[in-house]
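Here's the structure we're looking at; comments come further down.
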Amino acid sequence: MRGLARSVCQIRSVVRQQGDKYFRVFETRRNLLLDKAQGCEHKPFSGVQISRYTHSSYVFSKALSVAPAEVSDRVTDVNKAGPLVEYERRIVAGELLDGDLRQLGALRELQRLYEELIENADKCGLDRYAASEKSGRSRWLWSHFMPQSSYAPMKGLYLYGGVGTGKTMLMDLFYGQLPSNWRKKRIHFHDFMLNVHSRLRKHKGVADPLEVVASEISDESILLCLDEFMVTDVADALILNRLFRHLFSNGVILVATSNRAPDKLYEGGLQRDLFLPFIATLQERCVAHEIGSSVDYRKLTSAEQGFYFIGKDLSGLLKAKYQLLIGENKPYPQDVVVVMGRTLKMGFHLVPYRIPCYLITKTG
């Protein structure tokens, strides 16, 4: 018995020694990580206090939240994502200028919507693969024999402000953080309406072609991101309310950017009284947020000498700019597809970059 008791005591001693050893190693590694985190330099925003977290991966600006305590509660793991986090990363990497407080307000709204979408992805039917299974079996039956509204559990977002304030950049930043398997679309408002009119022509003769078009769009995209929301055409103005009421009742969530506040849309347009119900619908289903920045970021980059070149004395400057764009490439004539199958004969056509560069010397 004494021998057995002696063996048990020896085993306990060894285990205790090994445990102390591992704990000391853990403490050393933890302190090393803390020292690295405290010693790092991180100044993403001038004049803004920085909050450092115990893990070296968490260095986050307090300017990116409503309250510092809220950030420490919500940023809890390495996999934290969203437009706010990506915005901070790009500033640290030098890809964006130092933080614009006006943009930060818009980013908080985008981050809020991002987190709500992540949390309610199943309720909204954002997963295209899960939604396609439901669509194939029962959507036709429910929509035709048991029609019912299915509004999204959260409101969308309508960002508006002056030109060059970064609205499109913020939308692209938000859109780029969304999961790839979601039913989503990011498109210019003008292109979106062209697509709508094209679909309406295809369904000509149907009792309510707008309902059919809205059903097609919502089947493809539950999250709809429209850039440069600007209503100038009376044909668009007269159908927008019915179109978007169908879309919203199908669960579509709208994120839009615009130069105009919602109540200023289509101001002075023909038969605007028929357009006003759409403004009420938009305000009901979207949170309107003004960026309000006075900075025109376009003028900080490529517009040192202006946007428009008028007069013979500036032809040399225009040629120099064009030569800078094409480099050693040689331009060539080509027919360019504009919209809806129409073509335009270009004297010279060159596509050396992501955005085509055109120099019109003659038309045919």
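By convention in this document, the chains of the structure tokens carry letters A, B, ... by their order, each chain's residues are numbered from 1, and ligands are numbered from 1 in the order they are shown.
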>> Env of Glu220 in chain A: 8 Å cut, atoms = only C-alpha atoms, seq-sep filter 2 positions within chain, self excluded. Answer as a ChimeraX atom specification.
In response: /A:183-184,216-218,222
Take the selection from the previous step and output its residues with all heavy atoms, as a compact mmCIF listing (two decimals), in the first residue's frame.
# COMPACT_ATOMS: atom_id res chain seq x y z
N ARG A 183 -27.50 36.30 -53.11
CA ARG A 183 -28.23 36.86 -54.25
C ARG A 183 -28.14 38.38 -54.15
O ARG A 183 -28.91 39.02 -53.44
CB ARG A 183 -29.70 36.40 -54.22
CG ARG A 183 -29.88 34.93 -54.51
CD ARG A 183 -31.35 34.62 -54.75
NE ARG A 183 -32.12 34.72 -53.52
CZ ARG A 183 -33.44 34.88 -53.50
NH1 ARG A 183 -34.12 35.02 -54.62
NH2 ARG A 183 -34.09 34.93 -52.35
N LYS A 184 -27.22 38.94 -54.88
CA LYS A 184 -26.92 40.37 -54.78
C LYS A 184 -26.56 40.90 -56.16
O LYS A 184 -26.15 40.16 -57.05
CB LYS A 184 -25.75 40.61 -53.82
CG LYS A 184 -24.48 39.87 -54.25
CD LYS A 184 -23.31 40.11 -53.34
CE LYS A 184 -22.08 39.35 -53.86
NZ LYS A 184 -20.87 39.63 -53.10
N GLU A 216 -38.88 38.60 -61.33
CA GLU A 216 -37.62 38.14 -61.94
C GLU A 216 -36.42 38.75 -61.24
O GLU A 216 -35.42 38.07 -60.94
CB GLU A 216 -37.60 38.51 -63.42
CG GLU A 216 -38.56 37.72 -64.29
CD GLU A 216 -38.52 38.15 -65.74
OE1 GLU A 216 -37.88 39.19 -66.05
OE2 GLU A 216 -39.10 37.44 -66.59
N ILE A 217 -36.48 40.06 -60.98
CA ILE A 217 -35.35 40.75 -60.35
C ILE A 217 -35.12 40.23 -58.94
O ILE A 217 -33.97 39.97 -58.53
CB ILE A 217 -35.60 42.27 -60.33
CG1 ILE A 217 -35.61 42.83 -61.76
CG2 ILE A 217 -34.53 42.98 -59.50
CD1 ILE A 217 -36.00 44.29 -61.85
N SER A 218 -36.19 40.03 -58.17
CA SER A 218 -36.04 39.56 -56.80
C SER A 218 -35.59 38.10 -56.74
O SER A 218 -34.93 37.69 -55.79
CB SER A 218 -37.36 39.73 -56.03
OG SER A 218 -38.41 39.05 -56.67
N ILE A 222 -31.73 39.58 -54.03
CA ILE A 222 -32.47 40.10 -52.88
C ILE A 222 -31.85 41.40 -52.39
O ILE A 222 -32.55 42.30 -51.94
CB ILE A 222 -32.50 39.05 -51.75
CG1 ILE A 222 -33.50 37.94 -52.10
CG2 ILE A 222 -32.86 39.67 -50.41
CD1 ILE A 222 -34.94 38.41 -52.14
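Nearest to Ile291 in chain A of all the residues A:Glu109, A:Glu86, A:Asp208, A:Asp263 is A:Glu109, based on only C-alpha atoms.
Between CA of Pro209 in chain A and CA of His197 in chain A the interatomic distance comes to 10.3 Å.
These are the residues of range 154-288 of chain A assigned strand (DSSP E or B) by DSSP from backbone coordinates: Gly156, Leu157, Tyr158, Leu159, Tyr160, Trp182, Lys184, Lys185, Arg186, Ile187, His188, Leu223, Leu224, Cys225, Leu226, Asp227, Ile253, Leu254, Val255, Ala256, Thr257, Ser258, Cys286, Val287 and Ala288 of chain A.
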> Could you pull out all residues of range 147-318 of chain A with a DSSP call of alpha helix (DSSP H) and give them as a PyMOL selection string?
Replying inline: chain A and resi 167-176+189-202+209-220+234-249+276-285+315-318
> With distances taken over only C-alpha atoms, which of A:Glu115, A:Glu284, A:Glu228, A:Glu328 is nearest to Tyr151 in chain A?
Replying inline: A:Glu284
Contacts of Arg199 in chain A at 10 Å or less, counting only C-alpha atoms, minus same-chain residues fewer than 4 places along, as a PDB file with N, CA and C atoms, in the first residue's frame?
ATOM      1  N   MET A 193     -32.465  50.711 -64.930  1.00  0.00           N
ATOM      2  CA  MET A 193     -33.735  51.079 -65.546  1.00  0.00           C
ATOM      3  C   MET A 193     -33.800  50.645 -67.008  1.00  0.00           C
ATOM      4  N   LEU A 194     -32.684  50.690 -67.717  1.00  0.00           N
ATOM      5  CA  LEU A 194     -32.665  50.172 -69.079  1.00  0.00           C
ATOM      6  C   LEU A 194     -33.027  48.693 -69.096  1.00  0.00           C
ATOM      7  N   ASN A 195     -32.506  47.963 -68.118  1.00  0.00           N
ATOM      8  CA  ASN A 195     -32.809  46.543 -68.008  1.00  0.00           C
ATOM      9  C   ASN A 195     -34.284  46.321 -67.690  1.00  0.00           C
ATOM     10  N   HIS A 203     -42.280  41.216 -71.743  1.00  0.00           N
ATOM     11  CA  HIS A 203     -43.515  40.717 -71.133  1.00  0.00           C
ATOM     12  C   HIS A 203     -44.726  41.552 -71.559  1.00  0.00           C
ATOM     13  N   LYS A 204     -44.618  42.192 -72.672  1.00  0.00           N
ATOM     14  CA  LYS A 204     -45.736  42.995 -73.171  1.00  0.00           C
ATOM     15  C   LYS A 204     -46.960  42.111 -73.398  1.00  0.00           C
ATOM     16  N   PRO A 209     -47.161  43.504 -66.124  1.00  0.00           N
ATOM     17  CA  PRO A 209     -45.760  43.189 -66.442  1.00  0.00           C
ATOM     18  C   PRO A 209     -44.782  43.654 -65.372  1.00  0.00           C
ATOM     19  N   LEU A 210     -45.102  44.741 -64.637  1.00  0.00           N
ATOM     20  CA  LEU A 210     -44.199  45.203 -63.582  1.00  0.00           C
ATOM     21  C   LEU A 210     -44.059  44.171 -62.464  1.00  0.00           C
ATOM     22  N   VAL A 212     -44.308  40.926 -62.874  1.00  0.00           N
ATOM     23  CA  VAL A 212     -43.483  39.858 -63.420  1.00  0.00           C
ATOM     24  C   VAL A 212     -42.003  40.262 -63.396  1.00  0.00           C
ATOM     25  N   VAL A 213     -41.719  41.506 -63.825  1.00  0.00           N
ATOM     26  CA  VAL A 213     -40.337  41.998 -63.840  1.00  0.00           C
ATOM     27  C   VAL A 213     -39.777  42.039 -62.423  1.00  0.00           C
ATOM     28  N   ALA A 214     -40.574  42.536 -61.474  1.00  0.00           N
ATOM     29  CA  ALA A 214     -40.123  42.597 -60.081  1.00  0.00           C
ATOM     30  C   ALA A 214     -39.844  41.201 -59.538  1.00  0.00           C
ATOM     31  N   GLU A 216     -38.877  38.596 -61.330  1.00  0.00           N
ATOM     32  CA  GLU A 216     -37.622  38.137 -61.935  1.00  0.00           C
ATOM     33  C   GLU A 216     -36.416  38.751 -61.237  1.00  0.00           C
ATOM     34  N   ILE A 217     -36.477  40.063 -60.982  1.00  0.00           N
ATOM     35  CA  ILE A 217     -35.350  40.749 -60.350  1.00  0.00           C
ATOM     36  C   ILE A 217     -35.115  40.228 -58.941  1.00  0.00           C
TER      37      ILE A 217
END
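The two atoms in question, CA of Cys286 in chain A and CA of Phe248 in chain A, are spaced 10.3 Å apart.
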>> Neighbouring residues of Asp172 in chain A were defined as those with any atom within 12 Å, considering only C-alpha atoms; residues of the same chain fewer than 6 positions away were excluded. Please report them as a ChimeraX atom specification.
In response: /A:82-83,86-87,107,110,166,178,185-188,225-227,255-257
What does the file look like for those residues with all heavy atoms, as a CSV table (one decimal), in the first residue's frame?
chain,number,residue,atom,x,y,z
A,82,GLY,N,-16.4,43.4,-42.5
A,82,GLY,CA,-17.4,44.4,-42.8
A,82,GLY,C,-16.7,45.6,-43.4
A,82,GLY,O,-15.5,45.8,-43.5
A,83,PRO,N,-17.5,46.6,-43.9
A,83,PRO,CA,-17.0,47.7,-44.6
A,83,PRO,C,-16.1,48.6,-43.7
A,83,PRO,O,-15.1,49.2,-44.1
A,83,PRO,CB,-18.2,48.5,-45.1
A,83,PRO,CG,-19.3,47.9,-44.3
A,83,PRO,CD,-19.0,46.5,-44.0
A,86,GLU,N,-12.7,47.0,-43.3
A,86,GLU,CA,-12.0,47.1,-44.5
A,86,GLU,C,-11.5,48.5,-44.8
A,86,GLU,O,-10.4,48.8,-45.3
A,86,GLU,CB,-12.8,46.6,-45.7
A,86,GLU,CG,-12.2,46.7,-47.1
A,86,GLU,CD,-11.0,45.9,-47.3
A,86,GLU,OE1,-10.7,45.0,-46.4
A,86,GLU,OE2,-10.3,46.1,-48.3
A,87,TYR,N,-12.3,49.5,-44.4
A,87,TYR,CA,-11.9,50.9,-44.5
A,87,TYR,C,-10.7,51.2,-43.7
A,87,TYR,O,-9.8,51.9,-44.2
A,87,TYR,CB,-13.1,51.8,-44.1
A,87,TYR,CG,-12.9,53.2,-44.2
A,87,TYR,CD1,-13.1,53.9,-45.5
A,87,TYR,CD2,-12.7,54.0,-43.1
A,87,TYR,CE1,-13.0,55.2,-45.6
A,87,TYR,CE2,-12.5,55.4,-43.2
A,87,TYR,CZ,-12.7,56.0,-44.5
A,87,TYR,OH,-12.5,57.4,-44.6
A,107,LEU,N,-20.2,55.0,-43.0
A,107,LEU,CA,-19.6,53.7,-42.8
A,107,LEU,C,-20.3,53.0,-41.6
A,107,LEU,O,-20.5,51.7,-41.6
A,107,LEU,CB,-18.1,53.7,-42.6
A,107,LEU,CG,-17.3,53.8,-43.9
A,107,LEU,CD1,-15.9,54.3,-43.6
A,107,LEU,CD2,-17.3,52.5,-44.5
A,110,LEU,N,-23.4,51.6,-42.9
A,110,LEU,CA,-23.1,50.4,-43.8
A,110,LEU,C,-22.7,49.2,-42.9
A,110,LEU,O,-23.1,48.1,-43.3
A,110,LEU,CB,-22.0,50.8,-44.8
A,110,LEU,CG,-22.4,51.7,-45.9
A,110,LEU,CD1,-21.2,52.2,-46.7
A,110,LEU,CD2,-23.4,51.0,-46.9
A,166,GLY,N,-17.3,60.4,-52.2
A,166,GLY,CA,-16.9,59.0,-51.9
A,166,GLY,C,-18.1,58.1,-51.8
A,166,GLY,O,-17.9,56.9,-51.2
A,178,LEU,N,-19.4,41.4,-49.0
A,178,LEU,CA,-20.6,40.5,-48.9
A,178,LEU,C,-20.2,39.1,-49.4
A,178,LEU,O,-19.3,39.0,-50.3
A,178,LEU,CB,-21.7,41.0,-49.7
A,178,LEU,CG,-22.2,42.4,-49.3
A,178,LEU,CD1,-23.3,42.9,-50.3
A,178,LEU,CD2,-22.8,42.4,-47.9
A,185,LYS,N,-26.7,42.2,-56.3
A,185,LYS,CA,-26.4,42.9,-57.6
A,185,LYS,C,-26.0,44.3,-57.3
A,185,LYS,O,-26.7,45.0,-56.5
A,185,LYS,CB,-27.5,42.8,-58.6
A,185,LYS,CG,-27.2,43.5,-59.9
A,185,LYS,CD,-28.3,43.4,-60.9
A,185,LYS,CE,-28.4,42.0,-61.5
A,185,LYS,NZ,-29.4,41.9,-62.6
A,186,ARG,N,-24.9,44.7,-57.9
A,186,ARG,CA,-24.4,46.1,-57.8
A,186,ARG,C,-24.4,46.7,-59.3
A,186,ARG,O,-23.7,46.2,-60.1
A,186,ARG,CB,-23.1,46.2,-57.2
A,186,ARG,CG,-22.6,47.6,-56.9
A,186,ARG,CD,-21.7,48.1,-58.0
A,186,ARG,NE,-21.0,49.3,-57.7
A,186,ARG,CZ,-21.1,50.4,-58.5
A,186,ARG,NH1,-21.8,50.4,-59.6
A,186,ARG,NH2,-20.4,51.5,-58.2
A,187,ILE,N,-25.2,47.7,-59.5
A,187,ILE,CA,-25.4,48.2,-60.9
A,187,ILE,C,-25.7,49.7,-60.8
A,187,ILE,O,-26.3,50.2,-59.8
A,187,ILE,CB,-26.6,47.4,-61.6
A,187,ILE,CG1,-26.7,47.8,-63.0
A,187,ILE,CG2,-27.9,47.7,-60.9
A,187,ILE,CD1,-27.7,46.9,-63.8
A,188,HIS,N,-25.3,50.4,-61.9
A,188,HIS,CA,-25.7,51.8,-62.0
A,188,HIS,C,-27.2,52.0,-62.2
A,188,HIS,O,-27.8,51.1,-62.9
A,188,HIS,CB,-24.9,52.4,-63.2
A,188,HIS,CG,-24.9,53.9,-63.2
A,188,HIS,ND1,-26.0,54.6,-63.7
A,188,HIS,CD2,-24.0,54.8,-62.8
A,188,HIS,CE1,-25.7,55.9,-63.6
A,188,HIS,NE2,-24.5,56.1,-63.1
A,225,CYS,N,-28.0,46.9,-55.0
A,225,CYS,CA,-27.2,48.1,-54.8
A,225,CYS,C,-27.2,48.9,-56.0
A,225,CYS,O,-26.6,48.5,-57.1
A,225,CYS,CB,-25.7,47.7,-54.4
A,225,CYS,SG,-25.6,46.7,-52.9
A,226,LEU,N,-27.8,50.1,-56.0
A,226,LEU,CA,-27.9,51.0,-57.1
A,226,LEU,C,-27.1,52.2,-56.9
A,226,LEU,O,-27.3,53.0,-55.9
A,226,LEU,CB,-29.4,51.4,-57.3
A,226,LEU,CG,-30.4,50.2,-57.6
A,226,LEU,CD1,-31.8,50.8,-57.8
A,226,LEU,CD2,-30.0,49.4,-58.8
A,227,ASP,N,-26.2,52.5,-57.8
A,227,ASP,CA,-25.3,53.6,-57.7
A,227,ASP,C,-25.9,54.8,-58.6
A,227,ASP,O,-26.4,54.5,-59.6
A,227,ASP,CB,-23.9,53.2,-58.2
A,227,ASP,CG,-22.9,54.3,-57.9
A,227,ASP,OD1,-23.0,55.0,-56.9
A,227,ASP,OD2,-21.9,54.4,-58.7
A,255,VAL,N,-29.9,49.3,-51.4
A,255,VAL,CA,-28.8,50.2,-50.9
A,255,VAL,C,-28.5,51.1,-52.1
A,255,VAL,O,-28.2,50.6,-53.2
A,255,VAL,CB,-27.5,49.4,-50.5
A,255,VAL,CG1,-26.4,50.4,-50.2
A,255,VAL,CG2,-27.8,48.5,-49.4
A,256,ALA,N,-28.6,52.4,-52.0
A,256,ALA,CA,-28.5,53.3,-53.1
A,256,ALA,C,-27.6,54.5,-52.7
A,256,ALA,O,-27.5,54.9,-51.6
A,256,ALA,CB,-29.9,53.8,-53.5
A,257,THR,N,-27.0,55.1,-53.7
A,257,THR,CA,-26.3,56.3,-53.6
A,257,THR,C,-26.9,57.3,-54.5
A,257,THR,O,-27.4,57.0,-55.6
A,257,THR,CB,-24.8,56.2,-53.9
A,257,THR,OG1,-24.6,55.9,-55.3
A,257,THR,CG2,-24.1,55.1,-53.1
>> Need the shell around Leu84 in chain A: protein/DNA/RNA residues with any atom at most 10 Å away, counting only C-alpha atoms. Skip same-chain ones fewer than 5 positions apart. Format as a VMD selection string?
In response: chain A and resid 64 to 65 89 104 106 to 112 114 170 173 to 174 177
> Got a sec: who's within 12 Å of Ile239 in chain A, counting only C-alpha atoms, leaving out chain neighbours fewer than 3 positions off, as a list in words?
Replying inline: Met193, Val196, His197, Leu200, Asp208, Pro209, Leu210, Glu211, Val213, Ala214, Val231, Asp233, Val234, Ala235, Asp236, Arg242, Leu243, Phe244, Arg245, His246, Arg272, Leu274, Phe275, Leu276, Pro277 and Phe278 of chain A
Write a file of the just-selected residues containing C-alpha atoms, as a PDB file, in the first residue's frame.
ATOM      1  CA  MET A 193     -33.735  51.079 -65.546  1.00  0.00           C
ATOM      2  CA  VAL A 196     -36.259  47.070 -66.484  1.00  0.00           C
ATOM      3  CA  HIS A 197     -37.650  48.588 -69.690  1.00  0.00           C
ATOM      4  CA  LEU A 200     -41.152  45.106 -69.781  1.00  0.00           C
ATOM      5  CA  ASP A 208     -49.194  43.271 -64.796  1.00  0.00           C
ATOM      6  CA  PRO A 209     -45.760  43.189 -66.442  1.00  0.00           C
ATOM      7  CA  LEU A 210     -44.199  45.203 -63.582  1.00  0.00           C
ATOM      8  CA  GLU A 211     -45.093  42.442 -61.138  1.00  0.00           C
ATOM      9  CA  VAL A 213     -40.337  41.998 -63.840  1.00  0.00           C
ATOM     10  CA  ALA A 214     -40.123  42.597 -60.081  1.00  0.00           C
ATOM     11  CA  VAL A 231     -34.575  60.204 -61.826  1.00  0.00           C
ATOM     12  CA  ASP A 233     -37.004  60.494 -67.287  1.00  0.00           C
ATOM     13  CA  VAL A 234     -40.770  60.699 -66.961  1.00  0.00           C
ATOM     14  CA  ALA A 235     -41.144  57.085 -68.118  1.00  0.00           C
ATOM     15  CA  ASP A 236     -38.965  55.985 -65.186  1.00  0.00           C
ATOM     16  CA  ARG A 242     -45.212  50.288 -58.412  1.00  0.00           C
ATOM     17  CA  LEU A 243     -41.946  48.583 -59.345  1.00  0.00           C
ATOM     18  CA  PHE A 244     -40.314  49.078 -55.956  1.00  0.00           C
ATOM     19  CA  ARG A 245     -43.454  48.271 -54.000  1.00  0.00           C
ATOM     20  CA  HIS A 246     -43.413  44.887 -55.746  1.00  0.00           C
ATOM     21  CA  ARG A 272     -44.113  64.905 -60.272  1.00  0.00           C
ATOM     22  CA  LEU A 274     -47.522  60.976 -59.530  1.00  0.00           C
ATOM     23  CA  PHE A 275     -43.918  60.371 -58.441  1.00  0.00           C
ATOM     24  CA  LEU A 276     -44.347  61.527 -54.829  1.00  0.00           C
ATOM     25  CA  PRO A 277     -45.726  58.155 -53.572  1.00  0.00           C
ATOM     26  CA  PHE A 278     -42.401  56.578 -54.533  1.00  0.00           C
TER      27      PHE A 278
END
>> Report, in Å with one decimal, the straight-line distance from CA of Gly176 in chain A to CA of Lys264 in chain A.
In response: 29.2 Å
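Compared by their closest atoms to Lys345 in chain A, and using only C-alpha atoms, the residues A:Ala152, A:Gly251, A:Tyr332, A:Ala93 rank with A:Tyr332 nearest.
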